[in-house]
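Q: So I've got this file, run01.txt, and it contains compact mmCIF, C-alpha atoms and all ligand atoms:
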```txt
# COMPACT_ATOMS: atom_id res chain seq x y z
CA MET R 1 0.00 0.00 0.00
CA LYS R 2 1.25 3.39 -1.02
CA LEU R 3 1.02 6.43 1.25
CA LEU R 4 -1.08 8.12 -1.46
CA THR R 5 -3.72 5.48 -0.84
CA HIS R 6 -3.43 5.81 2.93
CA ASN R 7 -3.95 9.56 2.64
CA LEU R 8 -7.27 9.11 0.84
CA LEU R 9 -8.62 6.03 2.64
CA SER R 10 -11.00 5.89 5.61
CA SER R 11 -12.86 3.31 7.67
CA LYS R 12 -16.27 4.92 7.31
CA CYS R 13 -17.74 1.72 5.85
CA LEU R 14 -17.68 0.30 9.38
CA LYS R 15 -21.01 0.43 11.15
CA GLY R 16 -21.19 3.37 13.56
CA VAL R 17 -18.06 5.10 12.29
CA LYS R 18 -18.57 8.77 11.40
CA VAL R 19 -15.33 9.99 9.86
CA GLY R 20 -12.89 7.09 10.17
CA TYR R 21 -9.97 9.29 9.15
CA PRO R 22 -7.01 9.26 9.34
CA LEU R 23 -6.31 5.57 9.78
CA ARG R 24 -3.42 4.86 12.10
CA ILE R 25 -0.68 3.01 10.36
CA VAL R 26 1.72 0.40 11.70
CA ALA R 27 4.36 -0.94 9.33
CA LYS R 28 6.30 -4.16 9.82
CA ASP R 29 7.86 -4.23 6.33
CA VAL R 30 8.32 -1.28 4.05
CA LYS R 31 9.58 -1.50 0.51
CA ILE R 32 10.80 1.26 -1.77
CA SER R 33 9.76 0.70 -5.35
CA GLU R 34 10.60 2.94 -8.22
CA SER R 35 7.88 4.96 -9.91
CA GLU R 36 8.32 7.45 -12.69
CA TYR R 37 8.26 11.07 -11.48
CA ASN R 38 5.20 12.86 -12.83
CA MET R 39 5.23 16.49 -11.71
CA GLU R 40 1.83 17.29 -13.14
CA PHE R 41 0.23 14.47 -11.13
CA VAL R 42 1.97 15.47 -7.89
CA LEU R 43 0.80 19.08 -8.36
CA LYS R 44 -2.71 17.89 -9.07
CA MET R 45 -2.82 15.68 -5.95
CA ILE R 46 -1.35 18.11 -3.39
CA PRO R 47 -4.58 20.11 -2.89
CA LYS R 48 -6.50 16.85 -2.40
CA LEU R 49 -4.13 15.55 0.28
CA ASP R 50 -4.19 16.06 4.00
CA TRP R 51 -0.66 17.34 4.44
CA LYS R 52 -0.34 16.69 8.18
CA VAL R 53 -1.61 13.14 7.74
CA LEU R 54 0.99 12.55 5.03
CA VAL R 55 3.86 13.87 7.12
CA ASN R 56 2.78 11.85 10.17
CA ALA R 57 2.28 8.64 8.23
CA ALA R 58 5.67 8.96 6.55
CA GLU R 59 7.33 9.56 9.92
CA GLN R 60 5.45 6.72 11.64
CA ILE R 61 6.82 4.25 9.15
CA GLY R 62 10.32 5.69 9.25
CA HIS R 63 10.39 7.46 5.89
CA GLY R 64 9.76 11.06 6.91
CA ASN R 65 12.11 12.19 4.17
CA ASN R 66 12.43 15.63 5.83
CA LEU R 67 9.04 16.79 4.63
CA PRO R 68 8.20 20.22 6.11
CA ILE R 69 5.58 20.12 8.91
CA GLU R 70 3.63 22.83 7.08
CA LEU R 71 3.42 22.89 3.32
CA ILE R 72 5.18 26.01 2.03
CA GLU R 73 3.10 28.36 -0.09
CA ASP R 74 5.00 28.37 -3.34
CA TYR R 75 5.58 24.64 -3.49
CA GLU R 76 4.82 24.68 -7.22
CA ASP R 77 8.26 26.03 -7.99
CA ASP R 78 10.21 23.84 -5.58
CA GLU R 79 11.21 20.89 -7.73
CA GLU R 80 13.23 19.29 -4.96
CA LEU R 81 10.24 19.32 -2.63
CA LEU R 82 7.92 17.99 -5.33
CA LYS R 83 10.27 15.08 -5.94
CA LYS R 84 10.33 14.31 -2.22
CA ILE R 85 6.55 14.36 -2.16
CA HIS R 86 6.43 12.06 -5.18
CA HIS R 87 8.78 9.66 -3.42
CA VAL R 88 6.70 9.55 -0.24
CA LEU R 89 3.37 9.25 -2.08
CA MET R 90 4.25 6.79 -4.82
CA GLU R 91 7.44 4.91 -3.91
CA VAL R 92 7.21 4.10 -0.21
CA GLU R 93 5.06 0.98 0.16
CA VAL R 94 3.85 -0.78 3.27
CA ILE R 95 4.11 -4.50 2.60
CA ASN R 96 3.12 -5.91 5.97
CA GLY R 97 1.46 -4.07 8.79
CA GLU R 98 -1.85 -2.73 10.02
CA LEU R 99 -4.32 0.07 9.50
CA ILE R 100 -6.27 1.01 12.61
CA CYS R 101 -9.66 2.74 12.69
CA PRO R 102 -9.33 5.92 14.81
CA GLU R 103 -12.85 5.56 16.23
CA THR R 104 -13.29 1.84 16.92
CA GLN R 105 -9.64 0.65 16.96
CA ARG R 106 -10.67 -2.09 14.50
CA ILE R 107 -7.50 -3.45 12.87
CA PHE R 108 -7.26 -3.96 9.11
CA PRO R 109 -4.23 -6.14 8.39
CA ILE R 110 -1.94 -5.35 5.47
CA SER R 111 -0.24 -8.36 3.96
CA ALA R 112 1.72 -8.76 0.73
CA GLY R 113 1.12 -5.05 0.20
CA ILE R 114 -2.68 -5.38 0.25
CA PRO R 115 -4.86 -3.96 3.04
CA ASN R 116 -7.71 -6.28 3.97
CA LEU R 117 -10.86 -4.18 4.32
CA LEU R 118 -13.31 -7.10 4.36
CA LEU R 119 -15.96 -6.73 7.05
CA ASN R 120 -17.82 -9.23 9.19
CA GLU R 121 -21.56 -9.27 8.70
CA ASP R 122 -22.20 -7.44 11.96
CA GLU R 123 -19.80 -4.63 11.02
CA VAL R 124 -21.63 -3.64 7.82
CA SER R 125 -23.50 -0.37 8.12
CA MET A 1 -24.09 -21.88 -19.99
CA SER A 2 -24.74 -21.33 -16.33
CA ARG A 3 -23.84 -17.95 -14.87
CA PRO A 4 -20.87 -18.01 -12.48
CA GLU A 5 -22.69 -15.81 -9.99
CA HIS A 6 -25.23 -18.64 -9.54
CA LEU A 7 -22.51 -21.16 -8.69
CA ALA A 8 -20.73 -19.67 -5.68
CA PRO A 9 -19.94 -16.35 -3.98
CA PRO A 10 -17.23 -14.38 -5.85
CA GLU A 11 -14.55 -14.86 -3.20
CA ILE A 12 -15.01 -18.64 -3.63
CA PHE A 13 -15.59 -18.76 -7.41
CA TYR A 14 -12.49 -16.66 -8.18
CA ASN A 15 -10.02 -19.10 -6.64
CA ASP A 16 -6.42 -19.73 -7.75
CA ASP A 17 -7.51 -21.83 -10.76
CA GLU A 18 -10.00 -19.30 -12.03
CA ALA A 19 -7.54 -16.45 -11.39
CA ARG A 20 -4.89 -18.16 -13.51
CA LYS A 21 -7.20 -18.05 -16.54
CA TYR A 22 -6.85 -14.28 -16.44
CA THR A 23 -3.17 -14.61 -17.34
CA GLN A 24 -3.33 -17.58 -19.70
CA ASN A 25 -6.48 -17.50 -21.76
CA SER A 26 -5.66 -14.94 -24.44
CA ARG A 27 -9.17 -14.87 -25.90
CA MET A 28 -10.60 -13.98 -22.51
CA ILE A 29 -7.85 -11.45 -21.84
CA ASN A 30 -8.57 -9.67 -25.11
CA ILE A 31 -12.27 -9.44 -24.39
CA GLN A 32 -11.59 -7.91 -20.96
CA LEU A 33 -9.13 -5.42 -22.44
CA GLU A 34 -11.57 -4.32 -25.17
CA MET A 35 -14.29 -3.71 -22.64
CA ALA A 36 -11.96 -1.81 -20.32
CA GLU A 37 -10.91 0.39 -23.24
CA ARG A 38 -14.53 1.15 -23.97
CA CYS A 39 -15.18 2.00 -20.30
CA LEU A 40 -12.28 4.43 -20.32
CA GLU A 41 -13.53 6.00 -23.52
CA LEU A 42 -16.95 6.47 -21.93
CA LEU A 43 -15.45 8.16 -18.85
CA MET A 44 -14.66 11.16 -21.09
CA LEU A 45 -11.67 12.13 -18.99
CA PRO A 46 -10.04 15.53 -19.47
CA GLU A 47 -7.41 15.20 -22.18
CA GLU A 48 -3.67 15.34 -21.59
CA GLN A 49 -3.99 14.84 -17.85
CA THR A 50 -2.95 12.12 -15.49
CA CYS A 51 -6.12 11.13 -13.67
CA LEU A 52 -6.69 9.14 -10.49
CA LEU A 53 -9.11 6.31 -11.28
CA LEU A 54 -10.82 3.58 -9.28
CA ASP A 55 -11.21 0.07 -10.72
CA LEU A 56 -14.12 -1.72 -9.03
CA GLY A 57 -13.66 -5.50 -9.09
CA CYS A 58 -10.18 -5.04 -10.58
CA GLY A 59 -9.38 -8.77 -10.46
CA SER A 60 -5.97 -9.60 -11.86
CA GLY A 61 -5.46 -6.04 -13.04
CA LEU A 62 -6.27 -6.49 -16.74
CA SER A 63 -8.63 -3.54 -16.77
CA GLY A 64 -6.10 -1.59 -14.71
CA SER A 65 -3.39 -2.12 -17.30
CA VAL A 66 -5.57 -0.20 -19.75
CA SER A 67 -5.55 2.79 -17.35
CA GLU A 68 -1.79 2.50 -17.03
CA GLU A 69 -1.34 2.51 -20.78
CA SER A 70 -3.43 5.65 -21.00
CA GLY A 71 -1.11 7.26 -18.46
CA HIS A 72 -3.43 7.25 -15.47
CA VAL A 73 -2.88 6.28 -11.85
CA TRP A 74 -5.38 3.78 -10.47
CA PHE A 75 -6.49 2.00 -7.33
CA GLY A 76 -8.24 -1.34 -7.54
CA MET A 77 -10.67 -3.04 -5.18
CA ASP A 78 -11.60 -6.71 -5.32
CA ILE A 79 -13.15 -9.31 -3.03
CA SER A 80 -10.97 -12.21 -4.22
CA GLU A 81 -7.56 -12.71 -2.67
CA SER A 82 -6.57 -15.10 -5.48
CA MET A 83 -7.30 -12.52 -8.16
CA LEU A 84 -5.35 -9.83 -6.31
CA LYS A 85 -2.46 -12.22 -5.83
CA VAL A 86 -2.25 -12.64 -9.59
CA ALA A 87 -2.39 -8.85 -10.01
CA LYS A 88 0.59 -8.55 -7.64
CA GLU A 89 2.48 -11.21 -9.57
CA ARG A 90 1.87 -9.27 -12.77
CA GLU A 91 3.40 -6.25 -10.99
CA VAL A 92 0.59 -3.88 -11.85
CA GLU A 93 1.20 -0.25 -10.91
CA GLY A 94 -2.20 0.22 -9.28
CA ASP A 95 -2.53 0.02 -5.52
CA LEU A 96 -4.76 -2.88 -4.50
CA LEU A 97 -7.35 -3.27 -1.75
CA LEU A 98 -9.14 -6.41 -0.64
CA GLY A 99 -12.76 -5.45 -0.03
CA ASP A 100 -16.40 -5.95 -0.92
CA ILE A 101 -17.68 -3.07 -3.04
CA GLY A 102 -21.21 -3.89 -1.85
CA ASN A 103 -20.23 -2.61 1.59
CA GLY A 104 -19.27 0.80 0.24
CA ILE A 105 -16.24 2.62 -1.12
CA PRO A 106 -14.15 3.98 1.75
CA PHE A 107 -12.38 6.99 0.22
CA GLN A 108 -12.32 10.68 1.09
CA PRO A 109 -14.68 13.07 -0.71
CA GLY A 110 -13.62 14.10 -4.20
CA THR A 111 -10.77 11.58 -4.47
CA PHE A 112 -11.27 10.17 -7.99
CA ASP A 113 -11.48 11.67 -11.48
CA GLY A 114 -13.42 8.62 -12.59
CA ALA A 115 -14.36 5.05 -11.69
CA TYR A 116 -14.95 2.03 -13.90
CA SER A 117 -15.79 -1.61 -13.49
CA VAL A 118 -15.47 -4.47 -15.96
CA SER A 119 -17.66 -7.60 -15.65
CA THR A 120 -18.31 -7.25 -11.93
CA LEU A 121 -21.62 -5.50 -11.20
CA GLN A 122 -23.77 -8.57 -11.96
CA TRP A 123 -22.27 -10.20 -8.87
CA LEU A 124 -23.98 -7.58 -6.73
CA CYS A 125 -27.38 -8.44 -8.15
CA ASN A 126 -27.25 -11.78 -6.34
CA ALA A 127 -27.62 -12.51 -2.65
CA ASP A 128 -24.76 -14.75 -1.48
CA LYS A 129 -25.59 -14.59 2.20
CA SER A 130 -28.92 -14.45 3.94
CA SER A 131 -27.95 -10.97 5.09
CA HIS A 132 -27.40 -9.78 1.50
CA LYS A 133 -30.03 -7.53 0.00
CA PRO A 134 -29.00 -6.64 -3.57
CA ALA A 135 -30.85 -3.32 -3.64
CA LYS A 136 -29.26 -2.22 -0.39
CA ARG A 137 -25.75 -3.33 -1.45
CA LEU A 138 -26.06 -1.55 -4.79
CA TYR A 139 -27.27 1.56 -3.03
CA SER A 140 -24.32 1.59 -0.63
CA LEU A 141 -21.93 1.09 -3.54
CA PHE A 142 -23.43 3.95 -5.57
CA SER A 143 -23.95 6.43 -2.73
CA THR A 144 -20.42 6.05 -1.32
CA LEU A 145 -18.95 6.04 -4.83
CA LEU A 146 -20.70 9.30 -5.67
CA ALA A 147 -19.22 10.85 -2.53
CA CYS A 148 -15.63 9.98 -3.44
CA LEU A 149 -15.85 11.17 -7.06
CA GLY A 150 -14.61 14.61 -8.03
CA ARG A 151 -16.72 17.23 -9.74
CA ASN A 152 -18.15 16.17 -13.12
CA ALA A 153 -16.46 12.78 -12.78
CA ARG A 154 -18.20 9.76 -14.27
CA ALA A 155 -18.47 6.10 -13.39
CA VAL A 156 -18.90 3.41 -16.04
CA PHE A 157 -19.78 -0.22 -15.34
CA GLN A 158 -19.69 -2.88 -18.06
CA PHE A 159 -21.75 -5.77 -16.75
CA TYR A 160 -23.80 -8.83 -17.69
CA PRO A 161 -27.35 -8.32 -16.50
CA GLU A 162 -29.37 -11.49 -16.38
CA ASN A 163 -32.72 -9.90 -17.14
CA VAL A 164 -34.62 -6.63 -17.30
CA TYR A 165 -35.29 -6.81 -13.61
CA GLN A 166 -31.54 -6.50 -12.93
CA THR A 167 -30.99 -3.60 -15.32
CA ASP A 168 -33.93 -1.79 -13.72
CA LEU A 169 -32.52 -2.54 -10.29
CA VAL A 170 -29.05 -1.11 -10.95
CA VAL A 171 -30.36 1.96 -12.79
CA SER A 172 -32.91 2.76 -10.10
CA GLN A 173 -30.43 2.35 -7.23
CA ALA A 174 -27.85 4.52 -9.01
CA ARG A 175 -30.43 7.27 -9.56
CA LYS A 176 -31.65 6.99 -5.99
CA ALA A 177 -28.06 7.51 -4.85
CA GLY A 178 -27.96 10.76 -6.83
CA PHE A 179 -26.31 9.82 -10.12
CA PHE A 180 -27.56 10.91 -13.55
CA GLY A 181 -27.27 8.73 -16.61
CA GLY A 182 -28.40 5.22 -17.40
CA LEU A 183 -27.91 2.20 -19.57
CA LEU A 184 -25.97 2.14 -22.84
CA VAL A 185 -26.09 -0.93 -25.09
CA ASP A 186 -23.36 -1.39 -27.72
CA PHE A 187 -24.18 -3.61 -30.72
CA PRO A 188 -27.75 -4.13 -29.50
CA ASP A 189 -28.67 -6.29 -32.50
CA SER A 190 -25.82 -8.73 -32.25
CA THR A 191 -26.19 -11.66 -29.87
CA LYS A 192 -22.45 -11.99 -29.51
CA ALA A 193 -21.12 -8.45 -29.54
CA LYS A 194 -23.93 -6.92 -27.47
CA LYS A 195 -22.51 -5.20 -24.34
CA TYR A 196 -24.20 -3.41 -21.48
CA PHE A 197 -22.72 -0.32 -19.84
CA LEU A 198 -24.14 1.59 -16.92
CA VAL A 199 -22.95 5.15 -17.56
CA LEU A 200 -23.23 7.32 -14.45
CA MET A 201 -22.68 11.06 -14.37
CA THR A 202 -22.41 13.60 -11.61
CA GLY A 203 -23.23 17.29 -11.51
CA GLY A 204 -26.30 17.41 -13.75
CA ALA A 205 -28.14 15.64 -16.51
CA MET A 206 -25.96 15.33 -19.61
CA PRO A 207 -26.73 13.64 -22.91
CA MET A 208 -25.85 9.95 -22.95
CA PRO A 209 -22.92 8.96 -25.18
CA ALA A 210 -23.84 7.20 -28.42
CA ALA A 211 -23.86 3.41 -28.51
CA LEU A 212 -21.72 1.49 -30.96
CA GLY A 213 -23.29 -0.66 -33.64
CA THR A 214 -26.47 1.34 -33.94
CA ASP A 215 -27.70 3.67 -36.63
CA ASN A 216 -26.14 6.76 -35.07
CA LEU A 217 -22.81 5.71 -36.42
CA GLN A 218 -19.68 6.83 -34.58
CA ILE A 219 -16.88 7.48 -37.01
CA ASN A 220 -14.02 7.54 -34.49
CA TYR A 221 -14.37 3.99 -33.33
CA THR A 222 -15.45 2.31 -36.53
CA SER A 223 -12.14 1.16 -37.86
CA LYS A 224 -11.10 -0.63 -34.70
CA ARG A 225 -14.50 -2.17 -34.05
CA GLU A 226 -14.76 -3.29 -37.63
CA LYS A 227 -11.50 -5.18 -37.37
CA MET A 228 -12.78 -6.87 -34.27
CA THR A 229 -16.09 -7.80 -35.88
CA LYS A 230 -14.40 -9.15 -38.97
CA GLY A 231 -12.26 -11.52 -36.98
CA ARG A 232 -15.29 -12.83 -35.24
CA ALA A 233 -17.54 -13.00 -38.28
CA SER A 234 -15.33 -15.53 -39.95
CA LYS A 235 -15.86 -17.93 -37.06
CA LEU A 236 -19.64 -17.79 -37.32
CA VAL A 237 -21.45 -20.50 -39.19
CA LYS A 238 -22.28 -19.19 -42.65
CA LYS A 239 -25.95 -18.34 -43.19
CA SER A 240 -26.72 -18.73 -39.48
CA ARG A 241 -28.86 -16.03 -37.93
CA GLU A 242 -25.80 -14.58 -36.17
CA TRP A 243 -23.82 -14.57 -39.38
CA ILE A 244 -26.58 -12.73 -41.22
CA LEU A 245 -27.02 -10.22 -38.38
CA GLU A 246 -23.29 -9.48 -38.34
CA LYS A 247 -23.23 -9.05 -42.07
CA LYS A 248 -26.21 -6.71 -42.04
CA GLU A 249 -24.61 -4.82 -39.18
CA ARG A 250 -21.47 -4.36 -41.24
CA ARG A 251 -23.47 -3.14 -44.23
CA ARG A 252 -25.28 -0.65 -42.02
CA ARG A 253 -22.00 0.68 -40.67
CA GLN A 254 -20.80 1.17 -44.21
CA GLY A 255 -23.94 3.19 -44.85
CA LYS A 256 -25.52 0.70 -47.26
CA THR A 257 -29.27 0.18 -47.27
CA THR A 258 -30.10 -2.91 -45.28
CA ARG A 259 -33.39 -4.49 -44.34
CA GLU A 260 -34.51 -4.29 -40.73
CA ASP A 261 -33.79 -7.27 -38.49
CA THR A 262 -36.93 -9.15 -37.55
CA LYS A 263 -37.68 -12.42 -35.84
CA TYR A 264 -37.76 -13.96 -39.31
CA THR A 265 -34.19 -12.94 -40.13
CA GLY A 266 -32.13 -15.99 -40.93
CA ARG A 267 -35.02 -18.45 -40.59
CA ALA A 268 -35.32 -21.29 -43.03
CA ARG A 269 -38.13 -20.70 -45.49
CA SER A 270 -40.75 -23.39 -45.39
CA GLY A 271 -40.83 -23.76 -49.16
CA ARG A 272 -44.62 -23.77 -49.12
CA PHE A 273 -46.50 -20.91 -50.74
C1 LIG R 301 -15.04 -11.36 -14.41
S1 LIG R 301 -13.90 -10.80 -13.19
C2 LIG R 301 -13.29 -9.32 -13.97
C3 LIG R 301 -11.98 -8.83 -13.42
C4 LIG R 301 -11.39 -7.59 -14.09
N1 LIG R 301 -12.25 -6.43 -13.96
C5 LIG R 301 -11.09 -7.87 -15.55
O1 LIG R 301 -11.74 -7.25 -16.40
O2 LIG R 301 -10.25 -8.68 -15.85
C6 LIG R 301 -15.00 -10.20 -11.92
C7 LIG R 301 -14.29 -9.72 -10.65
O3 LIG R 301 -15.24 -9.13 -9.78
C8 LIG R 301 -14.87 -9.41 -8.46
N2 LIG R 301 -16.02 -9.21 -7.55
C9 LIG R 301 -17.20 -9.86 -7.58
N3 LIG R 301 -18.00 -9.40 -6.59
C10 LIG R 301 -17.31 -8.44 -5.94
C11 LIG R 301 -17.60 -7.61 -4.81
N4 LIG R 301 -18.76 -7.68 -4.17
N5 LIG R 301 -16.66 -6.73 -4.39
C12 LIG R 301 -15.46 -6.64 -5.05
N6 LIG R 301 -15.13 -7.42 -6.12
C13 LIG R 301 -16.05 -8.31 -6.55
C14 LIG R 301 -14.39 -10.85 -8.54
O4 LIG R 301 -13.60 -11.21 -7.44
C15 LIG R 301 -13.63 -10.84 -9.88
O5 LIG R 301 -12.26 -10.56 -9.70
```
Let's see the structure in the file written out as structure tokens.
Ligand SMILES: C[S@@+](CC[C@H](N)C(=O)[O-])C[C@H]1O[C@@H](n2cnc3c(N)ncnc32)[C@H](O)[C@@H]1O

A:
Amino acid sequence: MKLLTHNLLSSKCLKGVKVGYPLRIVAKDVKISESEYNMEFVLKMIPKLDWKVLVNAAEQIGHGNNLPIELIEDYEDDEELLKKIHHVLMEVEVINGELICPETQRIFPISAGIPNLLLNEDEVS
Amino acid sequence: MSRPEHLAPPEIFYNDDEARKYTQNSRMINIQLEMAERCLELLMLPEEQTCLLLDLGCGSGLSGSVSEESGHVWFGMDISESMLKVAKEREVEGDLLLGDIGNGIPFQPGTFDGAYSVSTLQWLCNADKSSHKPAKRLYSLFSTLLACLGRNARAVFQFYPENVYQTDLVVSQARKAGFFGGLLVDFPDSTKAKKYFLVLMTGGAMPMPAALGTDNLQINYTSKREKMTKGRASKLVKKSREWILEKKERRRRQGKTTREDTKYTGRARSGRF
């Protein structure tokens, strides 16, 4: 699972959960895989992201990559920063670990890079 | 042929054996790719942009590879671990999630520029557990999908409805959830090439795209589709009803006058007067 996905994912499909965001993330194995840098896509995604959640998630799994705590205003012109963001969003992958619902503490295991979001019958809203 | 969704729930039916077919059976692979291409076409994405797309029931990632080739980034959701395992082996670029789309799509508002689904929606029209209510599951899919689509984004589902009741069911649940749009049928007169697409739009009622293989001919796609039809036509039994329908279809596409298809088309004449 990429951090891009984590940044956009919630647990609101669980019965009784209101926001379900951000999911806590615990990583046992992290892999770095190469992905072609696409500046236009990074620029397009930044306004959709929750910056703080991204920085925290990257730090929690040990790949903070010196991202600034607050996103600077003229990030569009900072190629070095954009490349860092690309790396954190698209290249850092959690292979084994857990996602944890912030409201119910329900654990969604991640194995072989795939989060398991299947629900038991009594968890369906 | 019996329908797979009558045999077992999808997470059981799509086991390792079935999943392997999606890497080995080239006829099947080609069909899935064609339909995924058509879905992408129908999404009418903004040109020259990398979009973030969601593949619902992504399976082994065949449909996802079409997004990749068009330069888009995609996420895929599927209920079958075996299918996702194959997708991982194929090293698809899309990020994969194991989940049941009938329980809702768990993404933040406005996440996707479009969503598509190839040969999956019919599974939701069946109840696999006593707790399953198809209408309710379709409604949760559509309402949560609408919420995570961006402005003016579309969702396109190619699927195999079993009967009119199912097409009515999916269209009515999608509308109830707040989508505009409806059903599009490509090659409606051909038993073999006929394909159903649920085309869903956000942000207002827009004209439906034109279907392929009907009288409102679409120049752009003709050459490719024609090639495809030709390959298939040669395999049909000469003078069979299908063969005649295909031939008439081809004539119509070429703009030649052709008699209407009726229930008598291709029937043996009795010889009596
Ligand atoms: C015919 S396969 C198509 C796979 C892929 N879209 C392709 O074109 O190659 C149908 C897929 O739908 C998935 N599926 C069926 N019901 C589902 C559900 N409720 N939630 C998620 N995936 C489902 C199956 O696991 C299977 O991978």

Q: For chain A, work out the contacting residues on chain R at 6 Å, counting all atoms listed in the file, and write them as number ranges by chain.

A: R: 8-10, 13, 41, 114-118

Q: List all protein, DNA and RNA residues that have an atom no more than 7 Å from any atom of ligand LIG 301 (chain R), counting only C-alpha atoms and all ligand atoms, and report them as a PyMOL selection string.

A: chain A and resi 10-11+14+22+32-33+36+56-63+77-80+83+99-102+117-120+123-124

Q: Using all atoms listed in the file for the distances, tell me which of R:Pro68, R:Pro22, R:Gly16, R:Gly97 is nearest to Val53 in chain R.

A: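 The closest residue to Val53 in chain R is R:Pro22.
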
Q: Using only C-alpha atoms, which protein or nucleic acid residues come within 8 Å of Met90 in chain R? Drop anything in the same chain fewer than 2 positions from it, and give the result as a ChimeraX atom specification.

A: /R:2-4,35,86-88,92-93

Q: Report, in Å to a single decimal, how far apart CA of Val86 in chain A and CA of Cys125 in chain A are.

A: 25.5 Å

Q: Report, in Å to a single decimal, how far apart CA of Arg24 in chain R and CA of Ile95 in chain R are.

A: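 If I compute the distance from CA of Ile95 in chain R to CA of Arg24 in chain R, I get 15.3 Å.
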
Q: For the point (2.3, 15.0, 6.8) in file coordinates, what residues are within 10 Å, counting only C-alpha atoms? Give the answer as number ranges by chain?

A: R: 7, 49-59, 64, 67-71, 85, 88

Q: For the atom pair CA of Ser26 in chain A and CA of Val66 in chain A, what is the interatomic distance in Å to one decimal place?

A: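 CA of Ser26 in chain A sits 15.5 Å away from CA of Val66 in chain A.
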
Q: If you count only C-alpha atoms, which residues fall within 8 Å of Leu200 in chain A, apart from same-chain ones fewer than 4 positions away, as a ChimeraX atom specification?

A: /A:154-156,174,179-182

Q: Rank nothing, just name the residue among A:Glu47, A:Asp113, A:Asp16, A:Glu69 nearest to Lys44 in chain R, using all atoms listed in the file.

A: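 Between A:Glu47, A:Asp113, A:Asp16, A:Glu69, the residue approaching Lys44 in chain R most closely is A:Asp113.
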
Q: Taking into account all atoms listed in the file, which residue in the set R:Lys12, R:Lys28, R:Lys18, R:His6 is nearest to Val124 in chain R?

A: R:Lys12

Q: Measuring between all atoms listed in the file, which one of R:Met1, R:Met39, R:Ile100, R:Ile32 shows the shortest distance to Gly20 in chain R?

A: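 For Gly20 in chain R, the nearest of the candidates is R:Ile100.
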
Q: May I have the residues at most 8 Å from (-13.1, 3.1, 13.9) in the file's coordinates, counting only C-alpha atoms, as a list in words?

A: Ser11, Lys12, Leu14, Val17, Gly20, Ile100, Cys101, Pro102, Glu103, Thr104, Gln105 and Arg106 of chain R
